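Asker: Below is the file upload_20.cif, with mmCIF, C-alpha atoms.
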data_target
#
loop_
_atom_site.label_atom_id
_atom_site.label_comp_id
_atom_site.auth_asym_id
_atom_site.auth_seq_id
_atom_site.Cartn_x
_atom_site.Cartn_y
_atom_site.Cartn_z
CA MET H 17 111.93 59.49 96.31
CA SER H 18 113.74 57.11 93.87
CA THR H 19 116.91 57.41 95.94
CA ARG H 20 115.08 56.37 99.08
CA LEU H 21 113.50 53.39 97.28
CA ASN H 22 116.86 52.28 95.96
CA THR H 23 118.33 52.57 99.44
CA LEU H 24 115.43 50.55 100.90
CA THR H 25 115.89 47.83 98.25
CA GLN H 26 119.61 47.66 98.94
CA ILE H 27 118.98 47.35 102.68
CA LEU H 28 116.42 44.58 102.19
CA ARG H 29 118.82 42.70 99.97
CA THR H 30 121.59 43.08 102.48
CA ALA H 31 119.38 42.12 105.43
CA PHE H 32 117.38 39.22 104.00
CA VAL H 33 118.43 37.92 100.60
CA ARG H 34 122.15 37.56 101.33
CA PRO H 35 121.60 35.75 104.65
CA ALA H 36 119.11 33.46 102.95
CA LEU H 37 121.56 32.63 100.12
CA TRP H 38 124.31 32.04 102.66
CA ILE H 39 122.07 29.68 104.64
CA GLY H 40 121.13 27.85 101.45
CA GLN H 41 124.75 27.40 100.39
CA THR H 42 125.74 26.17 103.86
CA THR H 43 122.91 23.69 103.86
CA ALA H 44 123.88 22.45 100.39
CA ARG H 45 127.48 21.85 101.49
CA GLY H 46 126.43 19.99 104.67
CA VAL H 47 124.07 17.58 103.02
CA GLY H 48 125.88 17.09 99.68
CA SER H 49 125.10 13.38 99.72
CA MET H 50 121.35 13.91 99.60
CA ALA H 51 119.40 14.21 96.41
CA ALA H 52 119.31 17.52 94.55
CA GLY H 53 115.50 17.68 94.66
CA LEU H 54 115.27 17.29 98.43
CA HIS H 55 117.99 19.94 98.86
CA GLN H 56 116.17 22.44 96.72
CA ALA H 57 112.86 21.82 98.53
CA ARG H 58 114.36 22.35 101.96
CA GLY H 59 116.21 25.49 100.77
CA GLN H 60 113.00 26.98 99.40
CA LEU H 61 111.11 26.19 102.60
CA LEU H 62 113.85 27.79 104.65
CA VAL H 63 113.87 30.92 102.47
CA LEU H 64 110.09 31.16 102.70
CA GLY H 65 110.27 30.83 106.49
CA VAL H 66 112.89 33.55 106.73
CA VAL H 67 110.93 35.86 104.44
CA GLY H 68 107.72 35.23 106.39
CA ALA H 69 109.43 35.95 109.67
CA ALA H 70 110.89 39.15 108.22
CA GLY H 71 107.46 40.23 106.95
CA TYR H 72 105.88 39.61 110.34
CA GLY H 73 108.63 41.58 112.00
CA LEU H 74 108.12 44.50 109.59
CA TRP H 75 104.38 44.36 110.26
CA THR H 76 104.72 44.40 114.03
CA HIS H 77 107.75 46.76 114.05
CA PRO H 78 107.47 49.32 111.18
CA PRO H 79 110.85 50.31 109.76
CA VAL H 80 109.93 54.02 109.52
CA LYS H 81 110.62 56.20 112.56
CA ALA H 82 109.49 59.84 113.07
CA VAL H 83 111.82 62.54 114.44
CA ASN H 84 109.92 65.22 116.40
CA PRO H 85 110.72 68.95 116.11
CA GLY H 86 113.55 69.99 118.39
CA GLU H 87 115.12 66.53 118.39
CA MET H 88 117.90 64.76 116.50
CA ALA H 89 117.89 61.01 115.84
CA VAL H 90 121.01 58.86 115.61
CA ARG H 91 120.71 55.58 113.66
CA THR H 92 123.39 52.92 114.28
CA ASN H 93 123.84 49.82 112.09
CA ARG H 94 124.35 46.82 114.38
CA PHE H 95 126.31 44.88 111.76
CA SER H 96 128.51 47.51 110.09
CA GLY H 97 128.64 50.05 112.95
CA ALA H 98 127.75 52.96 110.59
CA ILE H 99 126.17 55.98 112.28
CA ASP H 100 123.74 58.41 110.59
CA THR H 101 122.07 61.53 112.09
CA PHE H 102 118.64 62.83 111.14
CA ARG H 103 116.79 66.09 111.85
CA THR H 104 113.02 66.60 111.96
CA GLY H 105 111.22 64.21 109.60
CA SER H 106 111.16 60.43 109.00
CA LEU H 107 113.90 57.81 108.73
CA LEU H 108 114.17 54.12 107.89
CA ALA H 109 115.09 51.83 110.78
CA VAL H 110 115.07 48.10 110.06
CA PRO H 111 114.32 46.09 113.19
CA GLY H 112 117.23 43.95 114.27
CA VAL H 113 119.59 45.88 111.99
CA HIS H 114 119.32 49.50 113.10
CA GLN H 115 119.25 51.07 116.54
CA VAL H 116 117.66 54.57 116.76
CA ARG H 117 118.12 57.05 119.68
CA ALA H 118 116.47 60.48 119.85
CA PHE H 119 118.24 63.33 121.66
CA PRO H 120 116.68 66.73 122.50
CA MET H 121 118.42 69.63 120.76
CA ARG H 122 116.68 72.44 122.64
CA ASP H 123 118.36 74.16 125.58
CA GLN H 124 117.73 72.41 128.90
CA LEU H 125 117.84 73.84 132.40
CA TYR H 126 119.32 72.23 135.49
CA ARG H 127 118.62 73.72 138.91
CA PRO H 128 120.04 72.14 142.09
CA VAL H 129 116.90 72.51 144.18
CA GLN H 130 118.37 70.69 147.21
CA SER H 131 121.01 73.46 147.50
CA SER H 132 118.75 76.49 147.07
CA ARG H 133 118.10 76.96 150.83
CA ALA H 134 120.46 77.28 153.77
CA ASP H 135 118.42 74.70 155.72
CA GLY H 136 117.95 72.40 152.72
CA GLU H 137 119.21 68.89 152.04
CA ALA H 138 122.60 69.87 150.58
CA PRO H 139 123.45 73.52 151.29
CA PHE H 140 126.69 75.14 150.19
CA GLN H 141 129.51 75.94 152.65
CA SER H 142 131.35 79.25 152.76
CA VAL H 143 134.97 79.79 153.83
CA GLU H 144 133.69 80.54 157.38
CA GLY H 145 131.95 77.17 157.48
CA LEU H 146 128.44 78.68 157.33
CA SER H 147 125.66 76.97 155.38
CA LEU H 148 123.94 78.97 152.69
CA GLY H 149 121.62 78.31 149.79
CA VAL H 150 122.05 79.67 146.26
CA ASP H 151 119.45 79.50 143.50
CA LEU H 152 121.57 78.39 140.50
CA SER H 153 120.37 77.86 136.95
CA VAL H 154 122.62 75.98 134.49
CA ARG H 155 121.47 76.14 130.87
CA TYR H 156 122.99 73.54 128.54
CA ALA H 157 122.39 71.70 125.26
CA ILE H 158 123.82 68.72 123.36
CA ASP H 159 126.43 69.62 120.73
CA PRO H 160 124.81 68.70 117.38
CA ALA H 161 128.21 68.51 115.66
CA ARG H 162 129.44 65.75 117.99
CA ILE H 163 126.25 63.84 118.62
CA GLY H 164 127.11 61.16 116.07
CA ALA H 165 130.47 60.40 117.68
CA ILE H 166 129.29 60.41 121.28
CA SER H 167 125.82 58.91 120.88
CA ARG H 168 127.02 55.47 122.00
CA ASP H 169 128.53 56.85 125.22
CA LEU H 170 125.72 59.22 126.20
CA PRO H 171 123.44 57.90 128.97
CA ASP H 172 119.68 58.04 128.79
CA ASN H 173 119.38 60.69 131.54
CA LEU H 174 121.91 63.43 130.86
CA GLU H 175 120.87 65.60 133.80
CA THR H 176 121.36 63.09 136.61
CA GLN H 177 124.29 61.16 135.14
CA ILE H 178 126.43 63.91 133.54
CA VAL H 179 125.27 67.47 134.31
CA GLN H 180 124.48 67.08 138.02
CA PRO H 181 127.82 65.47 139.03
CA ALA H 182 129.82 67.98 137.00
CA VAL H 183 127.95 70.97 138.48
CA GLN H 184 128.20 69.72 142.05
CA GLY H 185 131.89 68.94 141.66
CA VAL H 186 132.52 72.58 140.68
CA ILE H 187 130.13 74.71 142.72
CA TYR H 188 130.69 73.15 146.16
CA ARG H 189 134.44 73.53 145.84
CA LEU H 190 134.13 77.07 144.40
CA PHE H 191 131.75 78.45 147.02
CA ALA H 192 134.08 77.22 149.77
CA ARG H 193 136.68 79.80 148.63
CA TYR H 194 134.53 82.86 149.39
CA THR H 195 132.92 84.42 152.42
CA VAL H 196 129.18 84.74 152.81
CA ARG H 197 129.36 88.50 152.29
CA GLU H 198 131.30 88.06 149.03
CA ILE H 199 128.86 85.44 147.77
CA PHE H 200 125.90 87.57 148.77
CA SER H 201 126.98 90.92 147.31
CA SER H 202 130.47 91.87 146.21
CA LYS H 203 131.70 88.93 144.07
CA ARG H 204 128.58 87.42 142.55
CA GLY H 205 129.70 88.19 139.00
CA GLU H 206 133.19 86.81 139.62
CA ILE H 207 131.80 83.57 141.09
CA GLN H 208 129.42 83.17 138.16
CA GLN H 209 132.26 83.60 135.64
CA GLN H 210 134.46 81.08 137.47
CA ILE H 211 131.65 78.52 137.53
CA GLU H 212 131.20 78.91 133.78
CA ALA H 213 134.96 78.74 133.14
CA GLU H 214 135.42 75.51 135.12
CA LEU H 215 132.17 73.83 134.14
CA LYS H 216 132.34 74.45 130.40
CA PRO H 217 135.34 72.14 129.60
CA ARG H 218 133.93 69.36 131.81
CA LEU H 219 130.63 69.33 129.97
CA ALA H 220 132.31 69.78 126.58
CA ALA H 221 134.24 66.54 127.15
CA ASP H 222 130.87 64.73 127.20
CA GLY H 223 129.54 66.56 124.12
CA ILE H 224 127.45 69.09 126.06
CA VAL H 225 127.61 72.83 125.35
CA LEU H 226 127.24 75.15 128.35
CA ARG H 227 125.01 78.11 127.45
CA GLY H 228 125.31 79.99 130.73
CA VAL H 229 125.09 80.00 134.52
CA GLN H 230 122.84 82.37 136.45
CA MET H 231 122.97 83.05 140.20
CA GLY H 232 119.66 84.02 141.73
CA LYS H 233 118.57 84.40 145.33
CA VAL H 234 121.13 83.70 148.08
CA ASP H 235 119.55 82.22 151.22
CA LEU H 236 121.60 83.13 154.31
CA PRO H 237 121.54 81.48 157.76
CA GLU H 238 119.09 83.02 160.21
CA ASP H 239 121.72 84.21 162.70
CA TYR H 240 123.95 85.60 159.99
CA ARG H 241 120.99 87.32 158.35
CA ASN H 242 120.00 89.03 161.61
CA GLY H 243 123.58 90.14 162.25
CA MET H 244 123.93 91.36 158.67
CA ASP H 245 120.67 93.27 158.98
CA LYS H 246 122.00 95.04 162.08
CA LEU H 247 125.34 95.68 160.42
CA LEU H 248 123.64 96.98 157.31
CA ALA H 249 121.43 99.21 159.46
CA GLU H 250 124.50 100.64 161.21
CA GLU H 251 126.30 101.07 157.90
CA LEU H 252 123.27 102.72 156.42
CA GLU H 253 123.07 105.04 159.40
CA ALA H 254 126.77 105.87 159.05
CA GLU H 255 126.34 106.40 155.32
CA LYS H 256 123.31 108.56 155.99
CA MET H 257 125.27 110.66 158.49
CA ARG H 258 128.18 110.97 156.09
CA TYR H 259 125.86 112.00 153.28
CA THR H 260 124.12 114.46 155.64
CA LEU H 261 127.44 116.06 156.58
CA GLU H 262 128.51 116.19 152.96
CA LEU H 263 125.17 117.71 152.05
CA LYS H 264 125.50 120.40 154.75
CA ASP H 265 129.07 121.11 153.65
CA LYS H 266 127.89 121.42 150.09
CA ARG H 267 125.06 123.72 151.19
CA VAL H 268 127.56 125.96 153.04
CA LYS H 269 129.77 126.05 149.97
CA GLU H 270 126.73 126.67 147.83
CA SER H 271 125.68 129.61 150.04
CA ALA H 272 129.20 131.06 149.85
CA LEU H 273 129.28 130.63 146.12
CA GLU H 274 125.83 132.18 145.80
CA ALA H 275 126.91 135.17 147.93
CA GLU H 276 130.06 135.57 145.86
CA ALA H 277 128.06 135.24 142.69
CA ASP H 278 125.54 137.79 143.98
CA LYS H 279 128.39 140.17 144.80
CA VAL H 280 129.93 139.75 141.36
CA ARG H 281 126.50 140.09 139.80
CA ARG H 282 125.85 143.38 141.61
CA GLU H 283 129.29 144.71 140.70
CA LYS H 284 128.73 143.76 137.11
CA ALA H 285 125.26 145.31 137.20
CA ALA H 286 126.66 148.56 138.68
CA GLU H 287 129.43 148.65 136.09
CA ALA H 288 126.92 147.95 133.36
CA ALA H 289 124.59 150.68 134.68
CA GLY H 290 127.49 153.21 134.82
CA GLN H 291 128.62 152.26 131.34
CA GLU H 292 125.04 152.54 130.17
CA GLN H 293 124.71 156.07 131.63
CA VAL H 294 128.04 157.11 130.11
CA ILE H 295 127.02 155.75 126.75
CA ALA H 296 123.60 157.45 127.07
CA ALA H 297 125.25 160.80 127.94
CA ARG H 298 127.64 160.49 125.02
CA ALA H 299 124.81 159.57 122.76
CA GLN H 300 122.78 162.51 124.03
CA GLU H 301 125.72 164.83 123.50
CA GLU H 302 126.20 163.57 119.99
CA ALA H 303 122.48 163.87 119.38
CA MET H 304 122.43 167.48 120.65
CA LYS H 305 125.13 168.35 118.13
CA HIS H 306 122.72 167.41 115.43
CA VAL H 307 119.54 168.54 117.22
CA LEU H 308 120.59 172.16 117.96
CA PRO H 309 121.18 173.10 114.30
CA PHE H 310 117.98 171.38 113.46
CA LYS H 311 116.12 173.32 116.18
CA GLN H 312 117.69 176.59 114.91
CA LYS H 313 116.51 175.79 111.42
CA GLN H 314 113.07 175.00 112.78
CA ILE H 315 112.93 178.38 114.56
CA GLU H 316 114.02 180.22 111.40
CA GLN H 317 111.54 178.25 109.39
CA ARG H 318 108.74 179.11 111.82
CA GLN H 319 109.71 182.83 111.68
CA LEU H 320 109.61 182.73 107.91
CA GLU H 321 106.32 180.91 108.02
CA ALA H 322 104.94 183.57 110.45
CA GLU H 323 106.10 186.41 108.16
CA ALA H 324 104.60 184.66 105.16
CA GLU H 325 101.37 184.08 107.05
CA LYS H 326 101.29 187.74 108.16
CA VAL H 327 101.77 188.97 104.60
CA ALA H 328 99.20 186.50 103.38
CA ARG H 329 96.69 187.67 106.01
CA ILE H 330 97.33 191.34 105.17
CA ARG H 331 96.86 190.71 101.52
CA SER H 332 93.82 188.59 102.24
CA ALA H 333 92.35 191.40 104.42
CA GLU H 334 93.07 193.99 101.75
CA GLY H 335 91.48 191.79 99.12
CA SER H 336 88.49 191.16 101.35
CA ALA H 337 88.05 194.91 102.05
CA GLN H 338 88.34 195.78 98.39
CA ALA H 339 85.90 192.99 97.51
CA ARG H 340 83.48 194.28 100.12
CA ARG H 341 83.75 197.81 98.76
CA ILE H 342 83.08 196.53 95.27
CA GLU H 343 80.21 194.44 96.56
CA ALA H 344 78.77 197.44 98.44
CA VAL H 345 78.97 199.66 95.35
CA GLY H 346 77.43 196.92 93.25
CA GLU H 347 74.76 196.28 95.83
CA ALA H 348 73.93 200.03 96.06
CA GLU H 349 73.71 200.31 92.32
CA SER H 350 71.65 197.16 92.20
CA ARG H 351 69.29 198.46 94.87
CA GLN H 352 69.01 201.81 93.04
CA LYS H 353 68.15 200.03 89.85
CA LEU H 354 65.70 197.83 91.68
CA ALA H 355 64.08 200.90 93.28
CA ASP H 356 63.86 202.65 89.90
CA ALA H 357 62.41 199.52 88.39
CA GLU H 358 59.90 199.25 91.23
CA VAL H 359 58.89 202.88 90.85
CA TYR H 360 58.54 202.36 87.12
CA ARG H 361 56.60 199.14 87.68
CA LEU H 362 54.26 200.77 90.22
CA GLU H 363 53.72 203.70 87.93
CA ARG H 364 52.96 201.47 84.97
CA VAL H 365 50.76 199.15 87.06
CA GLY H 366 48.82 202.13 88.42
CA LYS H 367 48.29 203.45 84.96
CA VAL H 368 47.23 200.05 83.66
CA ASN H 369 44.88 199.53 86.59
CA SER H 370 43.36 202.96 86.10
CA GLU H 371 42.83 202.34 82.43
CA GLN H 372 41.46 198.89 83.17
CA MET H 373 39.02 200.26 85.76
CA GLU H 374 37.99 202.99 83.43
CA ARG H 375 37.26 200.47 80.70
CA GLU H 376 35.41 198.18 83.12
CA GLY H 377 33.31 201.09 84.54
CA ALA H 378 32.32 202.18 81.08
CA LEU H 379 31.54 198.57 80.13
CA ILE H 380 29.42 197.96 83.23
CA THR H 381 27.62 201.27 82.64
CA ARG H 382 26.72 200.15 79.20
CA HIS H 383 25.98 196.58 80.21
CA PRO H 384 24.86 196.23 83.88
CA LEU H 385 24.09 192.54 83.49
CA LEU H 386 27.77 191.76 83.25
CA ILE H 387 27.94 191.99 87.03
CA GLN H 388 25.37 189.27 87.33
CA LYS H 389 27.24 187.14 84.79
CA THR H 390 30.50 187.69 86.47
CA LEU H 391 29.00 186.72 89.83
CA ALA H 392 27.48 183.65 88.27
CA ASP H 393 30.84 182.70 86.76
CA LYS H 394 32.61 183.13 90.08
CA LEU H 395 30.08 180.98 91.89
CA SER H 396 29.66 178.40 89.17
CA ASP H 397 32.27 176.00 90.60
CA LYS H 398 30.68 176.13 94.12
CA VAL H 399 26.95 176.68 93.54
CA GLN H 400 25.19 175.05 90.64
CA VAL H 401 21.68 176.66 91.07
CA ILE H 402 20.93 180.05 92.64
CA ILE H 403 17.34 180.86 93.47
CA ALA H 404 16.82 184.53 94.37
CA PRO H 405 13.83 186.83 94.09
CA PRO H 406 14.13 189.59 91.54
CA PRO H 407 14.73 193.09 92.92
CA ALA H 408 11.69 195.21 93.41
CA GLY H 409 12.99 198.13 91.48
CA GLY H 410 14.48 196.08 88.66
CA GLY H 411 17.97 196.48 90.08
CA PHE H 412 20.93 194.06 90.55
CA ILE H 413 19.80 190.46 91.04
CA GLY H 414 22.47 189.77 93.61
CA SER H 415 21.76 192.68 95.80
CA THR H 416 19.55 190.56 98.01
CA LEU H 417 22.39 188.03 98.33
CA LEU H 418 24.97 190.70 99.13
CA GLY H 419 23.05 192.31 102.03
CA GLY H 420 20.02 194.13 100.89
CA ALA H 421 19.06 197.28 98.92
CA SER H 422 21.19 199.56 101.04
CA GLN H 423 24.32 198.00 99.67
CA VAL H 424 22.97 198.28 96.12
CA ARG H 425 22.22 201.91 96.61
CA THR H 426 25.63 202.49 98.01
CA MET H 427 27.20 200.88 94.97
CA ASP H 428 25.03 202.87 92.60
CA GLN H 429 25.99 206.12 94.31
CA GLY H 430 29.57 205.18 94.11
CA ASN H 431 29.33 204.44 90.41
CA GLN H 432 27.60 207.74 89.78
CA GLY H 433 30.27 209.61 91.73
CA GLU H 434 32.98 207.97 89.64
CA GLN H 435 31.19 208.84 86.44
CA GLN H 436 30.87 212.45 87.54
#
What would you get if you wrote out this structure as C-alpha cells?
Answerer:
Amino acid sequence: MSTRLNTLTQILRTAFVRPALWIGQTTARGVGSMAAGLHQARGQLLVLGVVGAAGYGLWTHPPVKAVNPGEMAVRTNRFSGAIDTFRTGSLLAVPGVHQVRAFPMRDQLYRPVQSSRADGEAPFQSVEGLSLGVDLSVRYAIDPARIGAISRDLPDNLETQIVQPAVQGVIYRLFARYTVREIFSSKRGEIQQQIEAELKPRLAADGIVLRGVQMGKVDLPEDYRNGMDKLLAEELEAEKMRYTLELKDKRVKESALEAEADKVRREKAAEAAGQEQVIAARAQEEAMKHVLPFKQKQIEQRQLEAEAEKVARIRSAEGSAQARRIEAVGEAESRQKLADAEVYRLERVGKVNSEQMEREGALITRHPLLIQKTLADKLSDKVQVIIAPPPAGGGFIGSTLLGGASQVRTMDQGNQGEQQ
C-alpha cells in the first residue's frame, strides 16, 4: 500500500507541481520589470487555478480503473511513452496523462457465416469451379507476452480488421486447390492442417495466437449432391455385392475347413478310442496277473474257512449233545428227587392232617360250642348280628342256618361213626 501511495505522490508531482513551477518561472522571466508582489500574486492565482482544474478533472474522471476477469489492461503514458500491463484488479490512470485499453485474454471464435452454405453470400470455389459451403471455426486469442509491444497497433475490432481478412485470404485460395469430393471426404484433415499452417504465422505477426481450426459441415451444390447420392448408392451396391461374394467365398472355405476339421476330429477320435481300448486291455491283462493269485488265495482261504467251520460245527454239535445228555441226567435226577420229596411231603401232610383232625374231633367232642364260636368268628367280618332260634333239642345253634335238622343229624351220625 505504501508503494502505491508513493507512486501516486510521484505522479501527482510530475503531472501538476512541476508544470505549475515551470509556468511560474516562465511568467517571472516575461514580466521581470513588474513588482515582486504583483508577480507572486499572479503566480499563486495561476497555481490555484491549475490545482482547481486538476481537482475537478479528478472528480469527474477518477484516476482508478478496474480490470475485469479475463481481460488485460495496457496503460500508456502520453508524455514519456512508457507502457505498463495489468491483470485482473485496479490500476491508476491519470486523465490527460495515461491512456488505458482493455483487451480480452480469453479464447475467441470466428466463424465465416457467409461462407457456410453453397448458396450463401460468399461460398467457396473448388478446383472444378463448383460453389460449396464449409462450416469453419477459427479459435484464437491475443498473445499476452506481446500485448504491451503491439497494443498501439491493434485495432479496436480484432475480428473484422485482422482475423477475418487473414482467414479469407487463406481459405479461399486453399479450397480452390481441391475437388469437392476431396473437401467433402478424403482430405478434410489435410486441408485443416494446411489452413492452420498458413494462418498461424499471419496471425502471429499481429500478436494473435491461433488455437485451432475446425471444419464442420460441408454444404454441397444441389446437382452435385444428387449425383453424389446416386454415385454413392451405386458404390454402396457394388461394395455390398463385393462383400456378399467375399462372404459366400468365406462360407465355402469355412464349410471346407469344417469338413476337414470334422474328418481330422473323427480320425483323432478313432485313434484315441483304439488307443484307449489297447490301454484298457493292457491294463486288464496287468490287473489279471495280480487278480488271479489273489483269487487263488481267496479260494484257499474259503476252503480253510469251510474246514474250520465244519470242525467248529462238529465240535459244537458234540458239545451240545453232551450238554443235553448231562442236562437230561440232571433233569431226571432232579425229577426223581422232586417226586421223592413230593411223596414225602404228601405222606407228612397226610399224617399231620390226620393228627390235626383227630385232635379237632376230640376237642369238638369235649367242647361242642367251639363249632358255634368258629362259625361266629368266620362270619364276624360279614355279619355283625345273627338272630336265630335255638334248636328244639338243644343241638347246634347254626343247624337252622345250615339247612335244617336233617343236616345236623347227618353231621352227628358222621361224628359218631368217626369216634367208633
Asker: For range 266-285 of chain H, take all atoms listed in the file, fit an axis-aligned box around them, add 5 Å to each of the six sides, then output centre and edge lengths in Å rounded to one decimal, as lines of an AutoDock Vina configuration file.
Answerer:
center_x = 127.6
center_y = 133.4
center_z = 145.1
size_x = 15.0
size_y = 33.9
size_z = 25.9
Asker: Between H:Val154, H:Leu320, H:Leu379, H:Ala161, which one has atoms that come closest to Ala182 in chain H, using all atoms listed in the file?
Answerer: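 Nearest to Ala182 in chain H: H:Val154.
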Asker: I'd like to know which of H:Glu325, H:Glu212, H:Glu253, H:Glu206 is closest to Arg155 in chain H, using all atoms listed in the file.
Answerer: H:Glu212
Asker: CA of Val368 in chain H and CA of Leu385 in chain H, how far apart in Å?
Answerer: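 Spanning CA of Leu385 in chain H to CA of Val368 in chain H is a straight-line distance of 24.3 Å.
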Asker: Report, in Å to a single decimal, how far apart CA of Arg204 in chain H and CA of Gln177 in chain H are.
Answerer: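 Taking CA of Gln177 in chain H and CA of Arg204 in chain H, their separation equals 27.6 Å.
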Asker: For the PyMOL selection byres ((chain H and resi 139) around 10), applied here, can you spell out every residue it catches as a PyMOL selection string?
Answerer: chain H and resi 128-138+140-142+146-150+188+235
Asker: Interatomic distance between CA of Ala277 in chain H and CA of Arg258 in chain H?
Answerer: 27.7 Å
Asker: Written as a ChimeraX atom specification, which residues does the PyMOL selection byres ((chain H and resi 240-248) around 12) give for the file shown?
Answerer: /H:134,144-148,195-197,200-201,234-239,249-256
Asker: Residues near Ile178 in chain H, anyone? I mean within 12 Å using all atoms listed in the file, not counting same-chain ones fewer than 2 positions away, as a PDB file with C-alpha atoms, in the coordinates of the input.
Answerer:
ATOM      1  CA  TYR H 126     119.320  72.230 135.490  1.00  0.00           C
ATOM      2  CA  TYR H 156     122.990  73.540 128.540  1.00  0.00           C
ATOM      3  CA  ILE H 158     123.820  68.720 123.360  1.00  0.00           C
ATOM      4  CA  ASP H 169     128.530  56.850 125.220  1.00  0.00           C
ATOM      5  CA  LEU H 170     125.720  59.220 126.200  1.00  0.00           C
ATOM      6  CA  PRO H 171     123.440  57.900 128.970  1.00  0.00           C
ATOM      7  CA  ASP H 172     119.680  58.040 128.790  1.00  0.00           C
ATOM      8  CA  ASN H 173     119.380  60.690 131.540  1.00  0.00           C
ATOM      9  CA  LEU H 174     121.910  63.430 130.860  1.00  0.00           C
ATOM     10  CA  GLU H 175     120.870  65.600 133.800  1.00  0.00           C
ATOM     11  CA  THR H 176     121.360  63.090 136.610  1.00  0.00           C
ATOM     12  CA  GLN H 180     124.480  67.080 138.020  1.00  0.00           C
ATOM     13  CA  PRO H 181     127.820  65.470 139.030  1.00  0.00           C
ATOM     14  CA  ALA H 182     129.820  67.980 137.000  1.00  0.00           C
ATOM     15  CA  VAL H 183     127.950  70.970 138.480  1.00  0.00           C
ATOM     16  CA  GLN H 184     128.200  69.720 142.050  1.00  0.00           C
ATOM     17  CA  GLY H 185     131.890  68.940 141.660  1.00  0.00           C
ATOM     18  CA  LEU H 215     132.170  73.830 134.140  1.00  0.00           C
ATOM     19  CA  ARG H 218     133.930  69.360 131.810  1.00  0.00           C
ATOM     20  CA  LEU H 219     130.630  69.330 129.970  1.00  0.00           C
ATOM     21  CA  ALA H 220     132.310  69.780 126.580  1.00  0.00           C
ATOM     22  CA  ALA H 221     134.240  66.540 127.150  1.00  0.00           C
ATOM     23  CA  ASP H 222     130.870  64.730 127.200  1.00  0.00           C
ATOM     24  CA  GLY H 223     129.540  66.560 124.120  1.00  0.00           C
ATOM     25  CA  ILE H 224     127.450  69.090 126.060  1.00  0.00           C
TER      26      ILE H 224
END
Asker: Find the spatial neighbours of Pro85 in chain H, counting only C-alpha atoms, within a cut-off of 10 Å - ignore same-chain residues fewer than 6 positions away - and output them as a list in words.
Answerer: Arg103, Thr104, Gly105, Pro120, Met121 and Arg122 of chain H
